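Data block for protein-v4.txt (compact mmCIF, C-alpha atoms and all ligand atoms):
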```txt
# COMPACT_ATOMS: atom_id res chain seq x y z
CA MET A 835 31.81 2.07 6.51
CA ARG A 836 29.58 2.74 9.44
CA THR A 837 26.08 4.15 9.84
CA GLN A 838 23.50 4.12 12.61
CA VAL A 839 20.68 2.54 10.58
CA GLY A 840 21.29 0.35 7.53
CA ILE A 841 18.13 0.39 5.44
CA ILE A 842 17.40 -2.25 2.82
CA GLY A 843 14.96 -1.06 0.14
CA ALA A 844 14.11 2.34 -1.33
CA GLY A 845 10.35 1.96 -1.47
CA PRO A 846 8.10 4.26 0.54
CA ALA A 847 9.05 2.55 3.83
CA GLY A 848 12.83 2.73 3.45
CA LEU A 849 12.90 6.24 2.00
CA LEU A 850 10.52 7.73 4.55
CA LEU A 851 12.44 6.07 7.38
CA SER A 852 15.71 7.52 6.11
CA HIS A 853 14.10 10.95 5.80
CA LEU A 854 12.46 10.95 9.27
CA LEU A 855 15.68 9.67 10.90
CA HIS A 856 17.64 12.45 9.21
CA LEU A 857 15.26 15.00 10.75
CA ARG A 858 16.14 13.49 14.16
CA GLY A 859 19.86 13.68 13.45
CA ILE A 860 20.23 9.91 12.94
CA SER A 861 22.37 8.66 10.05
CA SER A 862 21.34 5.97 7.59
CA VAL A 863 22.35 4.39 4.30
CA VAL A 864 19.68 3.05 1.93
CA LEU A 865 20.55 0.09 -0.31
CA GLU A 866 18.19 -0.54 -3.25
CA ARG A 867 18.23 -3.39 -5.73
CA ARG A 868 16.65 -1.45 -8.62
CA SER A 869 17.68 1.71 -10.47
CA ARG A 870 16.43 5.15 -9.46
CA ALA A 871 14.42 5.41 -12.70
CA TYR A 872 12.76 2.06 -11.99
CA VAL A 873 11.60 2.87 -8.47
CA GLU A 874 10.44 6.32 -9.54
CA GLN A 875 8.29 4.86 -12.29
CA ARG A 876 6.85 1.80 -10.60
CA VAL A 877 3.07 2.37 -10.67
CA ARG A 878 1.33 1.17 -7.54
CA ALA A 879 -0.83 2.69 -4.84
CA GLY A 880 -2.73 5.92 -5.18
CA VAL A 881 -4.73 6.54 -2.03
CA LEU A 882 -3.10 8.30 0.91
CA GLU A 883 -4.81 8.32 4.27
CA GLN A 884 -5.16 11.55 6.20
CA GLY A 885 -2.41 10.47 8.62
CA THR A 886 -0.04 9.65 5.76
CA VAL A 887 -0.62 13.07 4.22
CA ASP A 888 -0.13 14.74 7.61
CA THR A 889 3.13 12.83 8.13
CA LEU A 890 4.51 13.85 4.74
CA ILE A 891 3.52 17.51 5.16
CA ALA A 892 4.85 17.74 8.73
CA SER A 893 8.20 16.30 7.65
CA GLY A 894 8.61 18.82 4.84
CA VAL A 895 7.97 16.61 1.81
CA GLY A 896 4.35 17.59 1.19
CA ASP A 897 4.63 20.65 -1.08
CA ARG A 898 3.97 18.94 -4.41
CA LEU A 899 1.49 16.60 -2.75
CA GLN A 900 -0.51 19.63 -1.58
CA ARG A 901 -0.36 21.23 -5.03
CA GLU A 902 -1.06 18.17 -7.17
CA GLY A 903 -2.81 15.68 -4.88
CA LEU A 904 -6.57 15.28 -5.33
CA LEU A 905 -8.48 15.64 -2.08
CA HIS A 906 -11.48 13.29 -1.96
CA HIS A 907 -14.30 13.49 0.56
CA GLY A 908 -16.08 10.30 -0.46
CA ILE A 909 -16.08 7.13 -2.52
CA GLU A 910 -18.86 5.39 -4.43
CA LEU A 911 -19.95 1.80 -3.95
CA ARG A 912 -21.71 0.69 -7.15
CA TYR A 913 -23.81 -2.48 -7.29
CA GLY A 914 -27.25 -3.67 -8.25
CA GLY A 915 -27.72 -0.92 -10.83
CA ALA A 916 -27.13 2.00 -8.46
CA GLY A 917 -24.32 4.05 -6.99
CA HIS A 918 -24.10 4.82 -3.27
CA ARG A 919 -21.80 7.49 -1.91
CA ILE A 920 -19.91 6.98 1.34
CA ALA A 921 -19.68 10.60 2.45
CA PHE A 922 -16.56 11.16 4.56
CA GLU A 923 -17.43 14.81 5.27
CA LYS A 924 -20.58 13.68 7.06
CA LEU A 925 -19.41 10.36 8.56
CA VAL A 926 -15.85 11.26 9.60
CA PRO A 927 -15.76 15.08 9.64
CA GLY A 928 -12.36 16.62 9.05
CA ARG A 929 -10.86 13.45 7.61
CA ALA A 930 -10.40 12.68 3.94
CA ILE A 931 -8.09 10.85 1.51
CA THR A 932 -5.70 12.26 -1.05
CA VAL A 933 -5.17 10.63 -4.42
CA TYR A 934 -1.48 10.97 -5.28
CA GLY A 935 0.60 8.27 -6.93
CA GLN A 936 2.97 6.22 -4.80
CA GLN A 937 5.76 6.84 -7.30
CA GLU A 938 5.26 10.58 -6.78
CA VAL A 939 5.78 10.07 -3.03
CA VAL A 940 8.90 8.06 -3.86
CA LYS A 941 10.21 10.82 -6.18
CA ASP A 942 9.60 13.49 -3.52
CA LEU A 943 11.38 11.45 -0.84
CA ILE A 944 14.38 10.67 -3.04
CA ALA A 945 14.70 14.34 -3.98
CA ALA A 946 14.52 15.39 -0.30
CA ARG A 947 17.11 12.81 0.78
CA LEU A 948 19.56 13.69 -1.98
CA ALA A 949 19.13 17.44 -1.38
CA ALA A 950 20.08 16.84 2.26
CA GLY A 951 23.17 14.83 1.30
CA GLY A 952 21.50 11.48 2.00
CA ASP A 953 23.19 8.24 0.98
CA ILE A 954 20.97 6.09 -1.29
CA ARG A 955 22.73 3.42 -3.34
CA PHE A 956 20.78 2.07 -6.30
CA GLU A 957 21.33 -1.13 -8.28
CA ILE A 958 22.78 -3.03 -5.31
CA ASP A 959 21.61 -6.58 -5.94
CA ASP A 960 23.71 -8.60 -3.49
CA VAL A 961 22.92 -7.22 -0.03
CA ALA A 962 23.44 -9.75 2.74
CA VAL A 963 22.60 -9.34 6.42
CA HIS A 964 25.00 -10.55 9.13
CA SER A 965 25.23 -10.93 12.88
CA LEU A 966 21.70 -9.90 13.72
CA GLU A 967 22.00 -10.74 17.40
CA ASN A 968 24.95 -8.44 18.01
CA ASP A 969 26.99 -5.87 16.07
CA PRO A 970 25.00 -6.28 12.86
CA TYR A 971 26.44 -5.43 9.46
CA LEU A 972 25.52 -5.53 5.82
CA THR A 973 27.68 -6.60 2.93
CA PHE A 974 27.26 -5.71 -0.74
CA GLY A 975 29.52 -5.34 -3.74
CA GLY A 976 32.60 -6.33 -1.72
CA GLU A 977 31.91 -3.64 0.92
CA ARG A 978 30.93 -3.90 4.56
CA LEU A 979 28.54 -1.51 6.30
CA ASP A 980 28.50 -1.70 10.10
CA CYS A 981 25.22 -0.58 11.66
CA ASP A 982 23.66 -0.19 15.07
CA VAL A 983 20.41 -1.54 13.68
CA ILE A 984 19.11 -2.77 10.33
CA ALA A 985 15.72 -1.88 8.88
CA GLY A 986 14.29 -4.44 6.47
CA CYS A 987 12.18 -2.29 4.13
CA ASP A 988 12.66 -4.50 1.08
CA GLY A 989 9.07 -5.46 0.37
CA PHE A 990 7.38 -8.83 0.30
CA HIS A 991 10.02 -10.51 -1.91
CA GLY A 992 13.04 -9.01 -0.16
CA ILE A 993 15.88 -10.77 1.63
CA SER A 994 15.39 -9.39 5.16
CA ARG A 995 12.51 -11.52 6.37
CA PRO A 996 14.04 -14.80 5.08
CA THR A 997 17.28 -14.12 7.02
CA ILE A 998 15.41 -14.51 10.31
CA PRO A 999 16.18 -17.99 11.66
CA ASP A 1000 13.59 -20.72 11.21
CA GLY A 1001 11.13 -21.02 14.03
CA VAL A 1002 11.22 -17.36 15.06
CA LEU A 1003 8.40 -16.06 12.90
CA THR A 1004 4.79 -17.10 12.86
CA THR A 1005 3.13 -16.30 9.55
CA TYR A 1006 -0.55 -15.83 8.80
CA GLU A 1007 -1.77 -15.92 5.22
CA ARG A 1008 -4.79 -15.92 2.97
CA ASP A 1009 -4.83 -16.31 -0.80
CA TYR A 1010 -7.68 -15.17 -3.00
CA PRO A 1011 -8.88 -16.95 -6.14
CA PHE A 1012 -8.31 -13.90 -8.37
CA ALA A 1013 -5.85 -11.16 -9.31
CA TRP A 1014 -6.15 -7.51 -10.37
CA LEU A 1015 -5.35 -6.28 -13.85
CA GLY A 1016 -4.41 -2.61 -13.42
CA ILE A 1017 -4.06 0.00 -16.13
CA LEU A 1018 -3.12 3.65 -16.35
CA ALA A 1019 -4.79 5.52 -19.22
CA ARG A 1020 -4.43 8.94 -20.77
CA VAL A 1021 -8.04 9.99 -20.31
CA ALA A 1022 -9.89 12.31 -17.95
CA PRO A 1023 -11.59 10.39 -15.13
CA SER A 1024 -15.22 9.56 -15.86
CA SER A 1025 -16.10 10.21 -12.22
CA GLU A 1026 -14.95 12.77 -9.66
CA GLU A 1027 -14.56 10.14 -6.94
CA LEU A 1028 -13.33 6.54 -6.85
CA ILE A 1029 -15.90 3.91 -7.82
CA TYR A 1030 -15.71 0.44 -6.24
CA ALA A 1031 -18.05 -1.67 -8.39
CA ARG A 1032 -19.37 -5.09 -7.54
CA ASN A 1033 -20.58 -6.83 -10.68
CA GLU A 1034 -21.60 -10.37 -11.65
CA ARG A 1035 -18.69 -10.28 -14.12
CA GLY A 1036 -16.26 -9.43 -11.34
CA PHE A 1037 -15.05 -6.41 -9.40
CA ALA A 1038 -13.93 -3.20 -11.10
CA LEU A 1039 -12.35 -0.06 -9.65
CA HIS A 1040 -12.24 3.36 -11.24
CA SER A 1041 -9.48 5.53 -9.76
CA MET A 1042 -7.39 8.37 -11.13
CA ARG A 1043 -4.05 10.12 -10.88
CA SER A 1044 -4.76 13.61 -12.26
CA PRO A 1045 -7.40 15.51 -14.26
CA VAL A 1046 -6.01 13.83 -17.41
CA ILE A 1047 -4.86 10.38 -16.19
CA SER A 1048 -7.19 7.61 -15.00
CA ARG A 1049 -6.37 4.38 -13.19
CA PHE A 1050 -8.54 1.27 -13.45
CA TYR A 1051 -8.48 -2.23 -12.03
CA LEU A 1052 -10.37 -5.37 -13.09
CA GLN A 1053 -10.78 -8.58 -11.14
CA VAL A 1054 -9.25 -11.30 -13.37
CA PRO A 1055 -8.43 -15.01 -12.89
CA PRO A 1056 -5.27 -15.56 -10.80
CA ASP A 1057 -3.38 -16.92 -13.81
CA ALA A 1058 -4.42 -14.09 -16.18
CA GLU A 1059 -1.79 -13.00 -18.68
CA LEU A 1060 -1.50 -9.56 -20.21
CA GLY A 1061 -1.42 -11.16 -23.66
CA ASP A 1062 -5.02 -12.26 -23.16
CA TRP A 1063 -6.08 -8.68 -22.49
CA PRO A 1064 -5.79 -6.49 -25.61
CA ASP A 1065 -6.92 -2.88 -25.16
CA GLU A 1066 -10.38 -3.46 -26.65
CA ARG A 1067 -11.07 -6.28 -24.22
CA ILE A 1068 -9.99 -4.21 -21.22
CA TRP A 1069 -12.22 -1.27 -22.19
CA ALA A 1070 -15.17 -3.51 -23.00
CA GLU A 1071 -14.89 -5.27 -19.65
CA LEU A 1072 -14.50 -2.01 -17.72
CA ALA A 1073 -17.56 -0.61 -19.50
CA ALA A 1074 -19.58 -3.77 -18.79
CA ARG A 1075 -18.75 -3.62 -15.09
CA LEU A 1076 -18.95 0.16 -14.59
CA GLU A 1077 -21.69 1.35 -16.97
CA THR A 1078 -24.39 -0.09 -14.76
CA VAL A 1079 -26.08 3.08 -13.57
CA PRO A 1080 -28.20 5.38 -15.71
CA GLY A 1081 -26.27 8.23 -17.32
CA PHE A 1082 -22.76 6.92 -16.62
CA THR A 1083 -20.49 6.60 -19.66
CA LEU A 1084 -16.89 5.45 -19.42
CA SER A 1085 -14.40 7.56 -21.38
CA THR A 1086 -11.55 5.59 -22.93
CA GLY A 1087 -8.05 6.60 -23.96
CA GLU A 1088 -4.53 5.38 -24.63
CA ILE A 1089 -3.35 2.75 -22.13
CA ILE A 1090 0.10 3.81 -20.94
CA GLU A 1091 0.84 1.15 -18.31
CA ARG A 1092 -0.56 -2.26 -17.39
CA GLY A 1093 0.14 -5.07 -14.96
CA VAL A 1094 -1.36 -8.03 -13.12
CA THR A 1095 -1.15 -8.09 -9.31
CA PRO A 1096 -1.83 -11.22 -7.27
CA MET A 1097 -4.02 -10.77 -4.21
CA ARG A 1098 -2.75 -11.96 -0.88
CA SER A 1099 -3.03 -11.26 2.82
CA PHE A 1100 0.10 -11.99 4.87
CA VAL A 1101 1.51 -11.11 8.29
CA ALA A 1102 4.80 -12.23 9.86
CA GLU A 1103 5.07 -11.94 13.63
CA PRO A 1104 7.04 -10.58 15.35
CA MET A 1105 8.21 -7.82 13.00
CA GLN A 1106 11.67 -7.87 14.54
CA TYR A 1107 14.54 -10.18 15.41
CA GLY A 1108 17.72 -9.16 17.23
CA ARG A 1109 18.84 -5.90 15.63
CA LEU A 1110 16.63 -6.30 12.54
CA TYR A 1111 13.32 -4.45 12.29
CA LEU A 1112 10.92 -5.16 9.41
CA ALA A 1113 8.66 -2.38 8.09
CA GLY A 1114 6.00 -2.21 5.39
CA ASP A 1115 5.46 -5.00 2.87
CA ALA A 1116 8.52 -6.85 4.21
CA ALA A 1117 6.40 -7.76 7.23
CA HIS A 1118 2.82 -7.75 5.95
CA ILE A 1119 0.77 -7.36 2.79
CA VAL A 1120 -2.91 -6.77 2.14
CA PRO A 1121 -5.06 -7.07 -0.97
CA PRO A 1122 -5.30 -3.56 -2.46
CA THR A 1123 -9.10 -3.28 -2.14
CA GLY A 1124 -8.77 -1.32 1.11
CA ALA A 1125 -5.92 0.90 -0.18
CA LYS A 1126 -3.94 0.19 2.98
CA GLY A 1127 -0.48 -1.16 1.98
CA LEU A 1128 1.41 2.08 1.53
CA ASN A 1129 -0.36 3.67 4.48
CA LEU A 1130 0.63 0.80 6.77
CA ALA A 1131 4.24 1.15 5.65
CA VAL A 1132 4.10 4.81 6.72
CA ALA A 1133 2.53 3.87 10.06
CA ASP A 1134 5.29 1.30 10.78
CA VAL A 1135 7.99 3.80 9.93
CA ARG A 1136 6.52 6.41 12.26
CA VAL A 1137 6.66 3.92 15.14
CA LEU A 1138 10.19 2.79 14.24
CA THR A 1139 11.45 6.38 14.00
CA GLU A 1140 10.17 7.23 17.48
CA ALA A 1141 11.65 4.06 18.92
CA LEU A 1142 15.04 4.63 17.29
CA ALA A 1143 15.08 8.28 18.37
CA ALA A 1144 14.61 7.20 22.00
CA TYR A 1145 17.26 4.50 21.62
CA PHE A 1146 19.89 6.79 20.12
CA ALA A 1147 19.09 9.61 22.56
CA ASP A 1148 19.79 7.72 25.78
CA GLY A 1149 20.04 4.03 25.03
CA SER A 1150 16.49 3.25 26.16
CA ALA A 1151 15.32 0.21 24.26
CA ALA A 1152 11.78 -0.14 25.63
CA ALA A 1153 10.07 1.33 22.56
CA LEU A 1154 12.30 -0.67 20.20
CA ASP A 1155 11.55 -3.85 22.10
CA ALA A 1156 7.82 -3.07 21.79
CA TYR A 1157 8.06 -2.11 18.09
CA SER A 1158 6.35 -5.18 16.68
CA GLU A 1159 3.62 -5.23 19.30
CA THR A 1160 2.93 -1.53 18.78
CA CYS A 1161 2.66 -1.91 14.99
CA LEU A 1162 0.62 -5.10 14.94
CA THR A 1163 -2.53 -3.57 16.40
CA ARG A 1164 -2.88 -1.30 13.37
CA VAL A 1165 -1.61 -4.00 11.00
CA TRP A 1166 -4.36 -6.40 12.04
CA ARG A 1167 -7.07 -3.74 11.81
CA ALA A 1168 -5.93 -3.05 8.23
CA GLN A 1169 -5.74 -6.80 7.55
CA HIS A 1170 -9.33 -7.20 8.59
CA PHE A 1171 -10.55 -4.15 6.68
CA SER A 1172 -8.74 -5.18 3.49
CA TRP A 1173 -10.02 -8.76 3.69
CA TRP A 1174 -13.53 -7.46 4.38
CA MET A 1175 -13.58 -4.97 1.45
CA THR A 1176 -12.21 -7.72 -0.80
CA THR A 1177 -14.83 -10.22 0.35
CA LEU A 1178 -17.62 -7.71 -0.01
CA LEU A 1179 -16.86 -6.65 -3.58
CA HIS A 1180 -15.34 -9.55 -5.54
CA THR A 1181 -16.99 -12.45 -7.30
CA PHE A 1182 -15.79 -15.63 -5.61
CA ASP A 1183 -17.57 -18.71 -6.84
CA SER A 1184 -20.29 -17.95 -9.40
CA ASP A 1185 -22.22 -20.97 -8.09
CA ASP A 1186 -22.25 -19.60 -4.57
CA ALA A 1187 -25.67 -17.96 -4.56
CA TYR A 1188 -25.64 -17.86 -0.76
CA GLY A 1189 -22.38 -15.91 -0.67
CA ARG A 1190 -23.78 -13.48 -3.22
CA LYS A 1191 -26.85 -12.86 -1.06
CA LEU A 1192 -24.63 -12.18 1.95
CA GLN A 1193 -22.64 -9.62 -0.06
CA THR A 1194 -25.80 -7.87 -1.17
CA SER A 1195 -27.16 -7.85 2.34
CA TYR A 1196 -24.01 -6.23 3.70
CA LEU A 1197 -23.77 -3.75 0.84
CA ASP A 1198 -27.39 -2.74 1.48
CA TYR A 1199 -26.59 -2.36 5.17
CA VAL A 1200 -23.44 -0.31 4.64
CA THR A 1201 -25.22 2.02 2.21
CA THR A 1202 -28.29 2.60 4.40
CA SER A 1203 -27.07 2.46 8.00
CA GLU A 1204 -25.03 5.43 9.16
CA ALA A 1205 -23.32 3.23 11.77
CA ALA A 1206 -22.18 0.71 9.13
CA ALA A 1207 -21.14 3.43 6.69
CA THR A 1208 -19.14 5.13 9.45
CA THR A 1209 -17.27 1.88 10.09
CA LEU A 1210 -16.25 1.75 6.44
CA ALA A 1211 -15.42 5.46 6.28
CA GLU A 1212 -13.25 5.62 9.41
CA ASN A 1213 -11.22 2.61 8.33
CA TYR A 1214 -10.89 3.84 4.76
CA VAL A 1215 -9.62 7.33 5.67
CA GLY A 1216 -7.41 5.64 8.29
CA LEU A 1217 -7.71 5.41 12.04
CA PRO A 1218 -5.82 8.14 13.89
CA PHE A 1219 -2.29 7.40 15.04
CA SER A 1220 -1.97 6.84 18.76
CA ALA A 1221 0.03 9.51 20.58
P1 LIG B 1301 8.02 -1.72 -1.67
O1 LIG B 1301 7.36 -0.55 -2.27
O2 LIG B 1301 7.83 -3.04 -2.27
O3 LIG B 1301 9.56 -1.37 -1.62
C1 LIG B 1301 10.54 -2.33 -1.34
C2 LIG B 1301 11.83 -1.90 -2.00
O4 LIG B 1301 12.85 -2.82 -1.68
C3 LIG B 1301 13.58 -3.16 -2.85
N1 LIG B 1301 14.20 -4.47 -2.67
C4 LIG B 1301 15.50 -4.64 -2.38
N2 LIG B 1301 16.50 -3.75 -2.21
C5 LIG B 1301 17.73 -4.24 -1.94
N3 LIG B 1301 18.01 -5.59 -1.84
C6 LIG B 1301 17.03 -6.50 -2.00
N4 LIG B 1301 17.28 -7.80 -1.89
C7 LIG B 1301 15.70 -6.03 -2.28
N5 LIG B 1301 14.52 -6.65 -2.50
C8 LIG B 1301 13.62 -5.69 -2.73
C9 LIG B 1301 12.52 -3.11 -3.95
O5 LIG B 1301 13.09 -2.96 -5.24
C10 LIG B 1301 11.70 -1.91 -3.52
O6 LIG B 1301 12.20 -0.71 -4.06
O7 LIG B 1301 7.65 -1.87 -0.12
P2 LIG B 1301 7.29 -0.76 0.99
O8 LIG B 1301 8.29 0.35 0.99
O9 LIG B 1301 7.03 -1.53 2.22
O10 LIG B 1301 5.93 -0.09 0.48
C11 LIG B 1301 4.75 -0.85 0.42
C12 LIG B 1301 3.88 -0.37 -0.74
O11 LIG B 1301 4.64 -0.32 -1.92
C13 LIG B 1301 2.67 -1.29 -0.95
O12 LIG B 1301 2.13 -1.69 0.27
C14 LIG B 1301 1.58 -0.59 -1.77
O13 LIG B 1301 1.99 -0.33 -3.08
C15 LIG B 1301 0.33 -1.46 -1.79
N6 LIG B 1301 -0.73 -0.89 -2.63
C16 LIG B 1301 -1.53 0.13 -2.16
N7 LIG B 1301 -1.32 0.64 -0.93
C17 LIG B 1301 -2.06 1.71 -0.49
O14 LIG B 1301 -1.85 2.17 0.63
N8 LIG B 1301 -3.03 2.28 -1.27
C18 LIG B 1301 -3.31 1.82 -2.50
O15 LIG B 1301 -4.14 2.41 -3.18
C19 LIG B 1301 -2.57 0.69 -2.98
N9 LIG B 1301 -2.78 0.19 -4.21
C20 LIG B 1301 -0.91 -1.33 -3.94
C21 LIG B 1301 -1.97 -0.77 -4.70
C22 LIG B 1301 -0.07 -2.27 -4.51
C23 LIG B 1301 -0.28 -2.68 -5.79
N10 LIG B 1301 0.64 -3.62 -6.31
C24 LIG B 1301 1.19 -3.53 -7.60
C25 LIG B 1301 1.26 -4.55 -5.42
C26 LIG B 1301 -2.19 -1.19 -5.99
C27 LIG B 1301 -1.37 -2.15 -6.53
C28 LIG B 1301 -1.69 -2.60 -7.92
C1 LIG B 1302 -5.17 3.30 -7.05
O1 LIG B 1302 -5.55 4.44 -7.41
O2 LIG B 1302 -4.15 2.79 -7.51
C2 LIG B 1302 -5.96 2.55 -6.05
C3 LIG B 1302 -7.06 3.14 -5.46
C4 LIG B 1302 -7.82 2.44 -4.53
C5 LIG B 1302 -7.46 1.15 -4.19
C6 LIG B 1302 -6.35 0.55 -4.77
C7 LIG B 1302 -5.59 1.26 -5.71
O3 LIG B 1302 -8.21 0.47 -3.30
```
Could you render the structure as structure tokens?
Ligand code: RFL
Ligand code: PHB
Amino acid sequence: MRTQVGIIGAGPAGLLLSHLLHLRGISSVVLERRSRAYVEQRVRAGVLEQGTVDTLIASGVGDRLQREGLLHHGIELRYGGAGHRIAFEKLVPGRAITVYGQQEVVKDLIAARLAAGGDIRFEIDDVAVHSLENDPYLTFGGERLDCDVIAGCDGFHGISRPTIPDGVLTTYERDYPFAWLGILARVAPSSEELIYARNERGFALHSMRSPVISRFYLQVPPDAELGDWPDERIWAELAARLETVPGFTLSTGEIIERGVTPMRSFVAEPMQYGRLYLAGDAAHIVPPTGAKGLNLAVADVRVLTEALAAYFADGSAAALDAYSETCLTRVWRAQHFSWWMTTLLHTFDSDDAYGRKLQTSYLDYVTTSEAAATTLAENYVGLPFSA
């Protein structure tokens, strides 16, 4: 078998890449370890930047997103007994976020690829990468797939990044002394906009998926186990951290999904080696406080698509050679923003009174200075893509 681009992983990065390449007349095969049902149901991100939405709409996969996505023009920062709105419509006019589940994006992309005759192979658990310097190919299930290039879109725990020889990559990491317990609940959101709450008991986030489904996250110890968090405890803790302003009552409902996510910042540089190009979580991850992971995956894939289109059009490799460097500017901006939002809102060491004062000082600044609020807003809705 032969294809132009062999893609490992059918997450947002791999699927969008396959879709955008198809629109440029470039062939690809997507190899995914999990089943279609599994990837379509995996609950993860929910906040799409303006540029992500624009990319999906412009490439013809935005119909359901436009019908069902929830357009938000602000978020609330809640601390010290009060809520403070960061008003995108005033601070970054014309830019907003859309709340639409990552698994809905994945469903839309799979449907579009299959409708166009795309080749996505699910439940392939033995992909191996070969000959990255020259004439690369993939093997799986006793088959061989020759490719011009390979795209490693297989997430943080995938096989692509580890196949790069020792000594090539430099990695940068930060661990955080907590995790997020996330739940999806069958209950109308208690707020129209997302609430990022700093609380002595730990951070809490109120998000949503639809007028009848809410999404919540709680800062928990890094070794937290779901067994220690029965429903009553989750709701009590969410109420304790969110019901801190007069008149706000948290509505509760049936919990339909739950999980614990570790928090980590990570970047591997460069995001390429020989004929292998890494995109999305395979190359970098951020703590979810800034809602940047999925959006960065989309940004990488846009750059890679343009570079591959130039390469396959006339053999010019300049953009491909510059792929990593082009992506890393945005990656590091998102790294900083995600680290900063995380640092601002979580409880680190309860004994660290100094750190707490610094947080409060910055929160007061960001909620009273238009310049500081604009910094938060323009990063949150996503910086524009360069031409
Ligand atoms: P993914 O989604 O992890 O997809 C990788 C795919 O590769 C497959 N795979 C393999 N396939 C074949 N062979 C192998 N050896 C393979 N190993 C792995 C996997 O099964 C999978 O299908 O990576 P991708 O495409 O780079 O997308 C990245 C995003 O998924 C991720 O950054 C976001 O979910 C992060 N994130 C958020 N990002 C946002 O932009 N906004 C948010 O609001 C947001 N919230 C979140 C998040 C991530 C979370 N978790 C659970 C990590 C909230 C949470 C709780
Ligand atoms: C979500 O809705 O899943 C979500 C929203 C905002 C974040 C992270 C996750 O910062």
Please give me, as a PyMOL selection string, the residues lying within 6 Å of ligand LIG 1302 (chain B) when counting only C-alpha atoms and all ligand atoms.
chain A and resi 878-881+1041-1042+1049+1122-1125
Counting all atoms listed in the file, which residue out of A:Leu1015, A:Leu1076, A:Ala1031, A:Val877 sits closest to A:Pro1056?
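Selected residue with least distance to A:Pro1056: A:Leu1015.
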All residues within 7 Å of ligand LIG 1301 (chain B) are required, counting all atoms listed in the file; please report them as a PyMOL selection string.
chain A and resi 842-848+865-868+873+877-882+936+958-961+987-993+1016+1095+1113-1116+1119+1122+1125-1131
Between A:Gly1093, A:Gly935, A:Gly1149, A:Gly1087, which is the closest to A:Glu1059 once you count only C-alpha atoms?
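Residue with the minimum atom-to-atom distance to A:Glu1059: A:Gly1093.
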Considering only C-alpha atoms, tabulate each residue of stretch 1021-1056 of chain A that lies at most 6 Å from stretch 892-915 of chain A along with its nearest interatomic pair and the corresponding distance in Å to one decimal; arrange the rows by chain and ascending residue number and present them as a Markdown table.
```
| residue | atom | partner | partner_atom | distance |
| --- | --- | --- | --- | --- |
| A:Glu1027 | CA | A:Ile909 | CA | 5.6 |
| A:Leu1028 | CA | A:Ile909 | CA | 5.2 |
| A:Ile1029 | CA | A:Glu910 | CA | 4.7 |
| A:Tyr1030 | CA | A:Leu911 | CA | 5.0 |
| A:Ala1031 | CA | A:Arg912 | CA | 4.5 |
| A:Arg1032 | CA | A:Tyr913 | CA | 5.2 |
```
When distances are computed from all atoms listed in the file, which of A:Gln1106, A:Thr973, A:Thr932, A:Ser1044 shows the smallest separation from A:Pro996?
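Closest candidate: A:Gln1106.
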